$ cat work.cif   # mmCIF, C-alpha atoms and all ligand atoms
data_data
#
loop_
_atom_site.label_atom_id
_atom_site.label_comp_id
_atom_site.auth_asym_id
_atom_site.auth_seq_id
_atom_site.Cartn_x
_atom_site.Cartn_y
_atom_site.Cartn_z
CA MET D 6 0.00 0.00 0.00
CA GLN D 7 1.42 3.36 -1.06
CA VAL D 8 1.19 6.40 1.21
CA ASP D 9 0.06 9.70 -0.30
CA LEU D 10 1.78 12.43 1.70
CA ASP D 11 -0.15 15.13 -0.17
CA HIS D 12 -3.42 13.99 1.39
CA LEU D 13 -2.65 13.48 5.03
CA PRO D 14 -5.24 13.16 7.76
CA ARG D 15 -5.41 16.50 9.62
CA HIS D 16 -5.08 14.98 13.05
CA ILE D 17 -3.32 11.78 14.13
CA ALA D 18 -3.52 10.51 17.71
CA ILE D 19 -1.22 7.84 19.13
CA ILE D 20 -1.36 5.64 22.24
CA MET D 21 2.37 5.23 22.95
CA ASP D 22 2.12 1.66 24.22
CA GLY D 23 4.61 -1.18 24.68
CA ASN D 24 7.53 0.60 26.37
CA GLY D 25 7.56 -1.83 29.28
CA ARG D 26 7.59 -4.95 27.09
CA TRP D 27 10.28 -3.44 24.87
CA ALA D 28 12.51 -3.00 27.92
CA LYS D 29 11.70 -6.44 29.35
CA ARG D 30 12.69 -8.15 26.10
CA ARG D 31 16.08 -6.50 26.41
CA GLY D 32 16.49 -7.31 30.10
CA LEU D 33 16.26 -3.58 30.93
CA PRO D 34 14.18 -1.79 33.59
CA ARG D 35 10.78 -0.50 32.44
CA THR D 36 12.05 3.05 32.86
CA ALA D 37 14.55 2.42 30.03
CA GLY D 38 11.54 1.57 27.84
CA HIS D 39 9.94 4.90 28.62
CA ALA D 40 13.18 6.74 27.84
CA ALA D 41 13.32 4.95 24.47
CA GLY D 42 9.61 5.76 23.97
CA ALA D 43 10.26 9.43 24.62
CA GLU D 44 12.96 9.40 21.90
CA THR D 45 10.52 7.75 19.50
CA PHE D 46 7.98 10.44 20.33
CA ARG D 47 10.53 13.11 19.45
CA THR D 48 11.45 11.40 16.15
CA ILE D 49 7.84 10.85 15.11
CA ALA D 50 6.72 14.37 16.12
CA THR D 51 9.60 15.91 14.16
CA TYR D 52 8.75 13.79 11.15
CA CYS D 53 5.05 14.67 11.35
CA GLN D 54 5.98 18.35 11.39
CA LYS D 55 8.21 17.80 8.33
CA ILE D 56 5.48 16.16 6.25
CA GLY D 57 2.99 18.88 7.17
CA LEU D 58 0.65 17.23 9.65
CA GLU D 59 -1.53 19.82 11.43
CA TYR D 60 -2.25 18.05 14.73
CA LEU D 61 -0.58 15.22 16.62
CA THR D 62 -1.95 14.03 19.97
CA VAL D 63 -0.09 11.51 22.12
CA TYR D 64 -1.11 9.63 25.24
CA ALA D 65 1.79 9.95 27.69
CA PHE D 66 0.19 9.35 31.10
CA SER D 67 -3.34 8.36 32.03
CA THR D 68 -5.37 9.13 35.14
CA GLU D 69 -4.93 5.40 35.94
CA ASN D 70 -1.13 5.35 35.53
CA TRP D 71 -0.63 6.67 39.11
CA LYS D 72 -1.19 3.05 40.17
CA ARG D 73 2.26 2.14 38.81
CA PRO D 74 5.28 1.89 41.11
CA LEU D 75 6.51 5.28 42.31
CA GLU D 76 9.86 4.79 40.57
CA GLU D 77 8.17 4.35 37.20
CA VAL D 78 5.80 7.31 37.71
CA SER D 79 8.77 9.51 38.70
CA ALA D 80 10.70 8.37 35.63
CA ILE D 81 7.85 9.30 33.27
CA ILE D 82 7.40 12.68 34.98
CA GLY D 83 11.18 13.21 34.76
CA LEU D 84 11.14 12.43 31.03
CA LEU D 85 8.37 14.92 30.42
CA LYS D 86 10.31 17.56 32.33
CA LYS D 87 13.48 16.86 30.33
CA TYR D 88 11.54 16.97 27.10
CA LEU D 89 9.88 20.29 27.98
CA LEU D 90 13.15 21.91 29.00
CA GLU D 91 14.75 20.87 25.71
CA SER D 92 11.68 21.89 23.74
CA ILE D 93 11.59 25.38 25.22
CA GLU D 94 15.08 25.88 23.77
CA LYS D 95 14.13 24.45 20.40
CA MET D 96 10.60 25.72 19.91
CA GLU D 97 11.80 28.91 18.27
CA LYS D 98 13.49 26.80 15.62
CA ASP D 99 10.95 24.01 15.26
CA LYS D 100 7.83 26.19 15.49
CA ILE D 101 6.00 23.22 16.98
CA ARG D 102 3.13 24.24 19.27
CA LEU D 103 2.81 22.20 22.44
CA HIS D 104 -0.40 21.86 24.40
CA PHE D 105 -1.55 19.60 27.21
CA PHE D 106 -4.75 17.68 27.69
CA GLY D 107 -5.30 16.52 31.24
CA ASP D 108 -5.47 17.59 34.86
CA LEU D 109 -2.14 19.32 35.37
CA ASP D 110 -2.93 20.41 38.94
CA ALA D 111 -1.66 17.04 40.15
CA LEU D 112 1.81 17.64 38.68
CA PRO D 113 4.80 18.88 40.68
CA PRO D 114 4.71 22.73 40.65
CA GLU D 115 7.94 23.03 38.67
CA LEU D 116 6.61 20.81 35.90
CA ARG D 117 3.30 22.59 35.93
CA GLU D 118 5.10 25.87 35.48
CA LEU D 119 6.96 24.41 32.48
CA THR D 120 3.69 23.38 30.85
CA VAL D 121 2.37 26.93 31.29
CA ARG D 122 5.57 28.33 29.73
CA THR D 123 5.44 26.01 26.69
CA ASP D 124 1.75 26.82 26.26
CA ASP D 125 2.58 30.54 26.31
CA ILE D 126 5.44 30.22 23.83
CA SER D 127 3.20 28.13 21.57
CA THR D 128 0.73 30.96 21.07
CA ARG D 129 3.44 32.73 19.02
CA TYR D 130 3.69 29.99 16.40
CA GLU D 131 1.57 28.56 13.65
CA GLY D 132 3.30 25.21 13.09
CA MET D 133 1.99 21.75 13.88
CA GLN D 134 0.20 21.47 17.21
CA VAL D 135 1.29 18.61 19.45
CA ASN D 136 -1.10 17.76 22.27
CA VAL D 137 0.44 15.76 25.08
CA CYS D 138 -2.17 13.92 27.13
CA PHE D 139 -0.84 13.85 30.67
CA ASN D 140 -2.87 12.78 33.68
CA TYR D 141 -5.58 12.43 31.09
CA GLY D 142 -8.66 10.22 31.03
CA GLY D 143 -11.45 10.42 28.49
CA ARG D 144 -14.25 9.89 31.01
CA ASP D 145 -12.68 12.33 33.44
CA GLU D 146 -12.52 14.91 30.64
CA ILE D 147 -16.23 14.45 29.84
CA VAL D 148 -17.24 14.68 33.52
CA ARG D 149 -15.20 17.88 33.94
CA ALA D 150 -16.80 19.39 30.85
CA ALA D 151 -20.29 18.45 32.11
CA ARG D 152 -19.49 19.97 35.50
CA ALA D 153 -18.18 23.19 33.94
CA PHE D 154 -21.32 23.53 31.83
CA ALA D 155 -23.58 22.78 34.80
CA GLU D 156 -21.79 25.42 36.87
CA GLU D 157 -22.36 28.00 34.14
CA CYS D 158 -26.03 27.04 34.08
CA ALA D 159 -26.25 27.36 37.86
CA ALA D 160 -24.64 30.80 37.59
CA GLY D 161 -27.21 31.83 34.98
CA LYS D 162 -24.66 32.18 32.17
CA ARG D 163 -26.01 29.25 30.12
CA ARG D 164 -29.30 27.42 29.73
CA PRO D 165 -29.46 23.56 29.55
CA GLU D 166 -31.43 23.64 26.28
CA GLU D 167 -28.55 25.54 24.61
CA LEU D 168 -26.28 22.50 24.88
CA SER D 169 -25.33 20.93 21.57
CA GLU D 170 -22.50 18.58 20.60
CA GLU D 171 -20.58 21.53 19.23
CA LEU D 172 -21.01 23.64 22.36
CA PHE D 173 -20.09 20.69 24.58
CA SER D 174 -16.87 20.12 22.61
CA GLY D 175 -15.78 23.59 23.66
CA TYR D 176 -15.68 22.49 27.32
CA LEU D 177 -13.22 19.66 26.63
CA TYR D 178 -9.42 19.91 26.85
CA SER D 179 -9.45 19.67 23.06
CA ALA D 180 -11.58 22.83 22.56
CA GLY D 181 -10.86 24.23 19.11
CA VAL D 182 -8.91 21.18 17.91
CA PRO D 183 -10.50 19.12 15.11
CA ASP D 184 -11.35 15.52 16.02
CA PRO D 185 -8.64 12.93 15.32
CA ASP D 186 -9.02 11.24 11.93
CA LEU D 187 -6.67 8.39 12.73
CA VAL D 188 -5.86 6.79 16.09
CA ILE D 189 -2.80 4.53 16.14
CA ARG D 190 -2.17 1.95 18.85
CA PRO D 191 1.07 0.01 18.69
CA SER D 192 2.05 -3.02 20.81
CA GLY D 193 -0.74 -5.41 19.78
CA GLU D 194 -3.37 -4.22 22.27
CA ILE D 195 -6.77 -3.71 20.68
CA ARG D 196 -8.59 -1.38 23.03
CA ILE D 197 -9.30 2.32 23.51
CA SER D 198 -8.12 2.65 27.14
CA ASN D 199 -10.06 5.83 27.92
CA PHE D 200 -8.31 7.82 25.15
CA LEU D 201 -10.18 10.69 23.45
CA LEU D 202 -13.54 8.99 23.97
CA TRP D 203 -15.64 11.92 22.80
CA GLN D 204 -13.30 13.10 20.05
CA SER D 205 -12.70 9.75 18.35
CA ALA D 206 -16.37 9.00 17.65
CA TYR D 207 -15.61 8.76 13.91
CA ALA D 208 -11.86 8.15 13.99
CA GLU D 209 -10.31 5.31 12.04
CA TYR D 210 -8.27 2.98 14.26
CA TYR D 211 -5.00 1.38 13.27
CA TYR D 212 -3.36 -1.34 15.36
CA THR D 213 0.09 -2.81 14.96
CA ASP D 214 2.16 -5.34 16.92
CA VAL D 215 5.24 -3.11 16.80
CA LEU D 216 6.15 -1.81 20.26
CA TRP D 217 6.21 1.99 20.60
CA PRO D 218 10.01 2.37 21.00
CA ASP D 219 10.39 0.50 17.67
CA PHE D 220 7.77 2.59 15.89
CA SER D 221 9.37 4.22 12.86
CA LYS D 222 8.40 6.60 10.09
CA GLU D 223 7.84 3.53 7.88
CA GLU D 224 5.30 2.31 10.44
CA LEU D 225 3.67 5.72 10.37
CA HIS D 226 3.49 5.50 6.57
CA ARG D 227 1.81 2.10 6.86
CA ALA D 228 -0.77 3.51 9.27
CA ILE D 229 -1.50 6.52 7.04
CA ALA D 230 -1.70 4.30 3.93
CA ALA D 231 -4.19 2.02 5.71
CA TYR D 232 -6.23 5.09 6.67
CA GLN D 233 -6.14 6.36 3.09
CA GLY D 234 -7.40 2.99 1.87
CA ARG D 235 -10.55 3.19 4.00
CA SER D 236 -13.83 4.75 3.07
CA ARG D 237 -15.10 7.14 5.75
CA ARG D 238 -18.85 7.45 5.69
CA PHE D 239 -19.58 9.12 9.06
CA GLY D 240 -22.78 7.11 9.35
CA GLY D 241 -23.89 7.84 5.77
CA VAL D 242 -23.77 5.44 2.80
C1 LIG N 301 2.70 2.75 27.84
O1 LIG N 301 3.58 1.64 27.77
C2 LIG N 301 3.46 3.98 28.02
C3 LIG N 301 3.35 4.84 29.07
C4 LIG N 301 2.39 4.63 30.18
C5 LIG N 301 4.22 6.04 29.18
C6 LIG N 301 4.52 6.79 27.91
C7 LIG N 301 5.54 7.82 28.20
C8 LIG N 301 6.55 8.21 27.37
C9 LIG N 301 6.69 7.70 25.98
C10 LIG N 301 7.59 9.15 27.86
C11 LIG N 301 7.19 10.53 28.30
C12 LIG N 301 6.45 11.32 27.30
C13 LIG N 301 6.85 12.45 26.63
C14 LIG N 301 5.83 13.19 25.83
C15 LIG N 301 8.23 12.94 26.61
P1 LIG N 301 3.53 0.55 28.93
O2 LIG N 301 4.42 0.98 30.02
O3 LIG N 301 2.11 0.31 29.31
O4 LIG N 301 4.13 -0.68 28.17
P2 LIG N 301 3.74 -2.21 28.42
O5 LIG N 301 2.30 -2.35 28.05
O6 LIG N 301 4.65 -2.94 27.48
O7 LIG N 301 4.03 -2.52 29.87
#

$ encode --input "work.cif" --output "structure tokens"
Amino acid sequence: MQVDLDHLPRHIAIIMDGNGRWAKRRGLPRTAGHAAGAETFRTIATYCQKIGLEYLTVYAFSTENWKRPLEEVSAIIGLLKKYLLESIEKMEKDKIRLHFFGDLDALPPELRELTVRTDDISTRYEGMQVNVCFNYGGRDEIVRAARAFAEECAAGKRRPEELSEELFSGYLYSAGVPDPDLVIRPSGEIRISNFLLWQSAYAEYYYTDVLWPDFSKEELHRAIAAYQGRSRRFGGV
């Protein structure tokens, strides 16, 4: 199957899965898998920017991932911090916009401050937008949006009958971002895992056995080619 880079999906979302198994197969600690996964993220994001993708969303840490051993949680948080510090230096050059989906209040203050800084810098650019889902859960996002709307109703700013799908979308972390066209899940797992539940209503899914640290631009091409070979009907005929 041939990929057509002139007709890309606008928005690709990826569940970066399989870091732990990648490390285990090499006799390495799971944290080494996450470090390798972070490098893959950088390579794939840079490549997506190069081919002209508009939006890339990645799942880095879920609301459920806090259940992992403290050492692993700290390693993932440390990787995000390292990545943000390096990105702040490079954003001027790369023009990549970075945004976060998730409850950032639970992050260490220093990291939270970094996310605010990258968000601020991002408003100056018009390049590809990368959304990093961190402490993110799809159901949690929907509940928060419902609560925010209900609070506005209680305060007399909105009326319940005004609510439409479009209006509701504006209360989600992804407000203003088009829905993902293609969701990629590496590592052989075939499930959604609470990722972009509302936004992926009509997304095409692509699964591959390749583990995330081994995911390459050729794999990305395969996923896009598979997407391009499908017929999207959005419920029509
Ligand atoms: C899932 O693999 C992966 C994660 C829970 C963490 C992903 C984090 C990164 C790639 C690094 C930090 C992110 C950025 C944006 C720099 P798993 O651990 O569930 O793998 P397994 O299923 O093989 O155990």

$ residues_near_ligand --input "work.cif" --ligand "ligand LIG 301 (chain N)" --cutoff "7 Å" --atoms "only C-alpha atoms and all ligand atoms" --output "VMD selection string"
chain D and resid 21 to 27 35 39 to 40 42 to 43 46 64 to 66 70 81 84 to 85 88 137

$ closest_residue --input "work.cif" --among "D:Trp203, D:Tyr232, D:Tyr212, D:Trp217" --to "Arg47 of chain D" --atoms "only C-alpha atoms"
D:Trp217

$ closest_residue --input "work.cif" --among "D:Ile229, D:Val242, D:Ile101, D:Leu177" --to "Val148 of chain D" --atoms "only C-alpha atoms"
D:Leu177

$ closest_residue --input "work.cif" --among "D:Ala41, D:Leu187, D:Ala150, D:Ile56" --to "Ala230 of chain D" --atoms "only C-alpha atoms"
D:Leu187

$ closest_residue --input "work.cif" --among "D:Ile20, D:Thr68, D:Asp184, D:Ser221" --to "Asp145 of chain D" --atoms "all atoms listed in the file"
D:Thr68

$ build_atoms --input "work.cif" --residues "segment 188-205 of chain D" --atoms "N, CA, C and O atoms" --output "JSON list (two decimals), in the frame of the given file"
[["chain", "number", "residue", "atom", "x", "y", "z"],
["D", 188, "VAL", "N", -6.43, 7.10, 14.77],
["D", 188, "VAL", "CA", -5.86, 6.79, 16.09],
["D", 188, "VAL", "C", -4.99, 5.54, 15.93],
["D", 188, "VAL", "O", -5.48, 4.50, 15.45],
["D", 189, "ILE", "N", -3.74, 5.64, 16.30],
["D", 189, "ILE", "CA", -2.80, 4.53, 16.14],
["D", 189, "ILE", "C", -2.49, 3.94, 17.50],
["D", 189, "ILE", "O", -2.18, 4.67, 18.45],
["D", 190, "ARG", "N", -2.60, 2.61, 17.61],
["D", 190, "ARG", "CA", -2.17, 1.95, 18.85],
["D", 190, "ARG", "C", -1.17, 0.86, 18.53],
["D", 190, "ARG", "O", -1.52, -0.18, 17.97],
["D", 191, "PRO", "N", 0.08, 1.07, 18.88],
["D", 191, "PRO", "CA", 1.07, 0.01, 18.69],
["D", 191, "PRO", "C", 0.99, -1.01, 19.83],
["D", 191, "PRO", "O", 0.16, -0.87, 20.72],
["D", 192, "SER", "N", 1.81, -2.03, 19.75],
["D", 192, "SER", "CA", 2.05, -3.02, 20.81],
["D", 192, "SER", "C", 1.02, -4.15, 20.87],
["D", 192, "SER", "O", 1.02, -4.93, 21.81],
["D", 193, "GLY", "N", 0.15, -4.25, 19.88],
["D", 193, "GLY", "CA", -0.74, -5.41, 19.78],
["D", 193, "GLY", "C", -1.97, -5.36, 20.65],
["D", 193, "GLY", "O", -2.78, -6.28, 20.62],
["D", 194, "GLU", "N", -2.15, -4.31, 21.45],
["D", 194, "GLU", "CA", -3.37, -4.22, 22.27],
["D", 194, "GLU", "C", -4.48, -3.62, 21.41],
["D", 194, "GLU", "O", -4.25, -2.64, 20.70],
["D", 195, "ILE", "N", -5.67, -4.21, 21.51],
["D", 195, "ILE", "CA", -6.77, -3.71, 20.68],
["D", 195, "ILE", "C", -7.86, -3.17, 21.59],
["D", 195, "ILE", "O", -8.88, -3.80, 21.81],
["D", 196, "ARG", "N", -7.58, -2.03, 22.20],
["D", 196, "ARG", "CA", -8.59, -1.38, 23.03],
["D", 196, "ARG", "C", -8.34, 0.12, 23.07],
["D", 196, "ARG", "O", -7.26, 0.60, 22.68],
["D", 197, "ILE", "N", -9.34, 0.85, 23.56],
["D", 197, "ILE", "CA", -9.30, 2.32, 23.51],
["D", 197, "ILE", "C", -8.64, 2.90, 24.76],
["D", 197, "ILE", "O", -8.03, 3.97, 24.70],
["D", 198, "SER", "N", -8.77, 2.22, 25.89],
["D", 198, "SER", "CA", -8.12, 2.65, 27.14],
["D", 198, "SER", "C", -8.41, 4.10, 27.52],
["D", 198, "SER", "O", -7.48, 4.84, 27.89],
["D", 199, "ASN", "N", -9.67, 4.52, 27.38],
["D", 199, "ASN", "CA", -10.06, 5.83, 27.92],
["D", 199, "ASN", "C", -9.39, 7.00, 27.19],
["D", 199, "ASN", "O", -9.19, 8.06, 27.76],
["D", 200, "PHE", "N", -9.04, 6.79, 25.93],
["D", 200, "PHE", "CA", -8.31, 7.82, 25.15],
["D", 200, "PHE", "C", -9.27, 8.54, 24.21],
["D", 200, "PHE", "O", -9.89, 7.92, 23.36],
["D", 201, "LEU", "N", -9.39, 9.84, 24.35],
["D", 201, "LEU", "CA", -10.18, 10.69, 23.45],
["D", 201, "LEU", "C", -11.55, 10.09, 23.13],
["D", 201, "LEU", "O", -11.93, 9.98, 21.97],
["D", 202, "LEU", "N", -12.27, 9.70, 24.17],
["D", 202, "LEU", "CA", -13.54, 8.99, 23.97],
["D", 202, "LEU", "C", -14.54, 9.80, 23.15],
["D", 202, "LEU", "O", -15.16, 9.29, 22.23],
["D", 203, "TRP", "N", -14.68, 11.06, 23.51],
["D", 203, "TRP", "CA", -15.64, 11.92, 22.80],
["D", 203, "TRP", "C", -15.13, 12.22, 21.39],
["D", 203, "TRP", "O", -15.86, 12.10, 20.40],
["D", 204, "GLN", "N", -13.86, 12.58, 21.30],
["D", 204, "GLN", "CA", -13.30, 13.10, 20.05],
["D", 204, "GLN", "C", -13.14, 12.04, 18.97],
["D", 204, "GLN", "O", -13.08, 12.35, 17.79],
["D", 205, "SER", "N", -13.00, 10.77, 19.37],
["D", 205, "SER", "CA", -12.70, 9.75, 18.35],
["D", 205, "SER", "C", -13.95, 9.01, 17.88],
["D", 205, "SER", "O", -13.86, 7.91, 17.33]]
